[in-house]
Structure formats: structure tokens, C-alpha cells
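Report on the structure given below.
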Amino acid sequence: MPDPIPENQNVRRTWRAVGRSGRNVPPLPPPQTMGNSHFTRRQFRQAWATLLGVVVLLVGLNVLNQSAPEDRATSEPPVTDSAPQPALSPTSPKPAPAATPTAASQTVSEPSVRPPPTDASHPATTTSTRPTTASSPSAVAVLTGTWEGLYSCAQGETGLRLVMRAAPLGSLDADFLFSALPSNPGVRSGAFSMKGSYTSAEVTLTQSHWIDQPAGYSMVDLSGSLPASETGLFSGDVIGSSCTTFTLRKVSAEASAPLPNPADLTGTWVGSYTCSQGETGLRLILTAGSGGSLSAEFNFYALPGNPSVPSGRFVMRGSYTIAGITLTRDHWIDQPAGYNMVDLQAPLPSNNGQVLDGLVAGTGGCRTFSVRKA
């Protein structure tokens with residue numbers, strides 16, 4: 001069977017054959033049929049193109065249907081039966097915004113009973129957690145005054161009197177006066193000035209200059225929490241070599257620590273002290289000079305509860321500052337057999353200048369003394 005050729009080529013061949021032979025040539029048979037329809041190559045291509053277009057259309061519609069729910073989710077608010085939105089009413093007020101409302105939010109109707117916004121509900125500042133400067137009169141009143149307690153450094157626990165003066169805008173200065181405790185009598189007395197500042201949460205004091213420096217001692221810094229009230233504790237960290245913490249309690253609103261008046265110290269003080277022989281009577285005759293010099297006569301004698309103690313006396317030399325008094329043994333006036341001289345150290349007199357309590361430094365288990373102005 002000859003290869004099929006296009007219809008137009010069959011027509012041209014037929015006419016060529018007629019021209020050559022001069023006789024009629026029977027035409028080629030009609031194209032093959034499928035049922036009652038003739039399906040040429042051109043028709044097949046057209047049908048295929050139509051079918052392909054339908055498939056593309058269906059795929060496009062399917063893509064549109066899948067993206068439609070996402071568009072609806074972003075354009076319509078979710079509505080649930082389990083959590084209906086409450087109506088705006090006086091019993092369920094709309095929460096106050098954290099800042100001044102914008103123009104858009106002002107168009108929402110508010111219940112007439114709602115109070116107007118205040119500075120507390122509409123703060124104009126940011127919500128920073130950084131402590132602000134405590135400039136209120138209450139902070140000044142809390143800090144200003146005399147605080148007493150102890151602190152710890154390389155020498156062990158040490159008595160501390162901190163006289164602070166606070167200014168309204170957060171500045172602060174203080175006098176740091178340290179002395180021995182009965183449990184640690186080897187500590188020397190001294191004093192130095194400090195400068196610092198305070199905020200609503202913290203107090204910081206930095207060493208400034210010495211007022212009375214004992215040999216071998218260095219100044220320190222302090223950092224602590226602002227006391228909650230005048231009756232609260234003031235505690236924190238001591239910043240210095242081998243130092244740890246401090247704890248103080250306010251004992252007076254008096255914030256000055258001037259040099260004592262010599263007349264307040266000069267006179268006879270009577271009481272007792274304790275060494276290895278037991279409690280012993282003491283008469284201390286002090287003479288204070290205007291420049292901080294101090295001399296004394298130490299007279300000791302038996303008490304009714306300890307009658308075996310002999311009497312004796314010796315001279316002492318020393319000084320006084322805002323930190324207290326220091327008296328060192330000088331020479332004997334009347335020495336009983338077997339007795340040695342001692343030294344004295346004490347803060348300034350308490351109880352309106354009438355009582356002098358301190359430490360006895362010497363051999364033979366000496367501890368404390370307490371005398372009252374006669």
C-alpha cells in the first residue's frame with residue numbers, strides 16, 4: 001500500500017497524469033473514516049489544543065480556590081462561640097492604653113462613667129527599669145543622720161559610725177568613723193571623709209580624705225541599698241582589700257560630726273574596767289586641749305565585789321578627733337607590785353556627753369571600761 005500523501009498533492013498528480021495520457025485517471029479513494037466522522041490531522045491538532053486549554057483552566061480555578069480561605073482569614077476577624085467579646089460597659093471597662101491614644105483609637109465610643117486618663121495610666125515616659133535619682137524629702141530624711149553598726153575587713157569585725165548628710169538632688173557626703181569592738185580589741189580608731197550619691201534604690205560612697213589615719217590602715221568605699229525607712233537597716237558591700245559587708249542602724253538624726261569641745265571631755269570620769277584581776281574601780285581625770293591633744297591620769301582601786309585589788313595610778317597621753325579618743329600609757333605615778341599600765345580607746349562620749357565606753361588594751365586579759373562624768 002503506497003504511503004499516504006496530502007490531499008493537495010493527490011490533486012496535482014491526478015492532473016499531471018491526465019495531461020500526459022490524455023485520458024481520465026480515477027481519483028484517489030477518500031480518506032479513512034472512523035464511524036461517520038472524518039478526522040484529519042488538522043482537526044486532531046485543533047481538538048488537542050482545545051483539550052489542553054480546558055485542562056489549564058481547571059488547574060487555574062483549583063489554585064484560586066485553595067488561596068481563597070487564607071485571604072478570608074486575613075480580612076475577617078475570627079469568631080468563636082467559646083470566647084465571645086464582652087460588650088464595652090462600666091462593669092467591664094476597656095483597658096487603658098500605655099500611652100496617649102492615637103486619632104484612630106479616639107473614634108471608639110467610651111462609656112460615660114469611665115474616669116478621665118491620668119498620668120498613672122498614661123505615662124509620658126518610657127518603662128525603663130533604671131533607678132531614678134531619689135530627690136524626695138523622705139529620702140533625704142532617711143539618709144541624713146548618724147548610723148552605727150559594724151563592718152568586716154582584713155582586721156576582722158570593726159565598729160563603724162557613719163555620719164551622712166544627703167542633699168535633695170541625689171548628692172551625699174559622710175564621715176566614716178571606725179573603732180574596735182569588745183570581740184576584736186586590737187583594731188585602731190580612725191576617721192575619713194567620703195563623697196557619693198544616692199538613687200531610689202542604691203547608695204554609693206567613695207573615699208575622699210583622711211581625718212585621722214592610724215598607721216597601716218587604708219580607706220574603703222561603700223555600696224548599699226537605700227534604707228526603706230529611718231528605722232530600717234542600711235547594709236551593703238565594703239569595697240576594699242579583703243573586705244566584705246557592713247550593717248548599720250540609724251541612732252540619731254544629728255548629721256554633724258564636729259571636733260568635740262575640750263570642755264566636754266575635761267573633767268573626772270568614774271566607773272570601772274576589767275582585766276585579769278577582775279572588775280576594778282577606775283577614776284579617769286581627763287584634760288583636753290583645743291587642738292585635739294589629750295592627757296589623763298589613770299587611777300585604779302578595789303571595788304566591794306573584788307576587794308583584793310591594790311590601788312595605783314599612772315599618766316597617759318593621747319588625742320581626740322571626731323572618731324573618738326585614744327590614750328596611751330606614759331609613766332607610773334604609783335605602781336603596785338605585779339601590775340602593768342594599759343591603753344584606752346573609745347568613741348566620743350554618748351548619752352549627751354555623759355558616758356564614755358571603750359576598750360582596754362593591755363596584757364592579762366583586759367577587755368572594756370565604762371565611766372560616767374562626775
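In the C-alpha cells, chains take the letters A, B, ... in the order shown, each chain's residues start at 1, and ligands count up from 1 in the order shown.
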
If we count only C-alpha atoms and set the cut-off at 10 Å, which residues sit around Ser276 (chain A), ignoring sequence neighbours fewer than 6 positions away in its own chain? Please answer as number ranges by chain. A: 363-367

Near Ala255 (chain A), within 12 Å and counting only C-alpha atoms, which residues show up once chain neighbours fewer than 2 positions away are dropped, as number ranges by chain? A: 140-147, 161-167, 172-175, 250-253, 257-258

Give me the residues near region 235-238 of chain A as a tab-separated table (two decimals) with C-alpha atoms, in the first residue's frame, where near means some atom within 8 Å (using only C-alpha atoms) and where sequence neighbours in that chain fewer than 2 positions away do not count.
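Listing of selection_22.tsv after writing:
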```
chain	number	residue	atom	x	y	z
A	151	TYR	CA	31.82	46.17	109.03
A	152	SER	CA	34.36	43.47	108.17
A	153	CYS	CA	37.76	43.77	106.52
A	220	VAL	CA	37.42	51.95	101.70
A	221	ASP	CA	34.26	52.56	99.62
A	222	LEU	CA	30.67	51.60	100.42
A	223	SER	CA	27.77	50.47	98.23
A	224	GLY	CA	24.39	49.54	99.66
A	225	SER	CA	20.62	49.57	99.22
A	233	LEU	CA	18.78	48.69	108.28
A	240	GLY	CA	38.45	47.32	99.70
A	243	CYS	CA	36.61	43.50	102.90
A	244	THR	CA	33.10	42.02	102.80
A	245	THR	CA	29.95	43.72	104.13
A	246	PHE	CA	28.59	46.36	106.53
A	247	THR	CA	25.38	46.64	108.56
A	248	LEU	CA	24.19	49.87	110.20
```

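You can rank A:Cys275, A:Ala191, A:Ile325, A:Val355 by their closest distance to Tyr339 (chain A) using only C-alpha atoms, and at the top of that list sits A:Cys275.
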
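Distances here use only C-alpha atoms; by that measure, the residue among A:Leu284, A:Thr158, A:Glu148, A:Asn184 closest to Arg249 (chain A) is A:Glu148.
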
Compare A:Ser218, A:Ser350, A:Asn340, A:Gln345 by their minimum atom-to-atom distance to Ser189 (chain A), counting only C-alpha atoms, and give me the closest one.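 Between A:Ser218, A:Ser350, A:Asn340, A:Gln345, the residue approaching Ser189 (chain A) most closely is A:Gln345.
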
Separation of CA of Leu303 (chain A) from CA of Pro347 (chain A) in Å: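 CA of Pro347 (chain A) sits 25.5 Å away from CA of Leu303 (chain A).
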
Leu205 (chain A) proximity check over A:Phe369, A:Tyr273, A:Tyr217, A:Phe192, using only C-alpha atoms: winner is A:Phe192

Spatial neighbours of Ser179 (chain A), 7 Å, only C-alpha atoms, chain gap at least 4 places, as a list in words: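 Surrounding residues, per the criterion: Thr158, Gly159, Leu160, Val187, Arg188, Ser189 and Gly190 of chain A.
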
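With only C-alpha atoms as the atoms that count, the residue of A:Asn261, A:Asn306, A:Thr266, A:Asn299 with the shortest distance to Gly278 (chain A) is A:Asn306.
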
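For the pair CA of Gly312 (chain A) and CA of Gly281 (chain A), the separation is 10.6 Å.
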
As a PyMOL selection string, please: every residue in region 148-349 of chain A that DSSP puts in strand (DSSP E). chain A and resi 148-153+156-166+171-179+190-198+202-212+221-225+233-239+245-252+267-275+278-288+293-301+312-321+324-334+343-346

Taken to one decimal, the CA of Gln207 (chain A)-CA of Ser241 (chain A) distance is 13.6 Å

Ranking A:Gly60, A:Pro349, A:Gly289, A:Pro336 by minimum distance to Pro310 (chain A) and counting only C-alpha atoms, which one comes first? A:Pro336
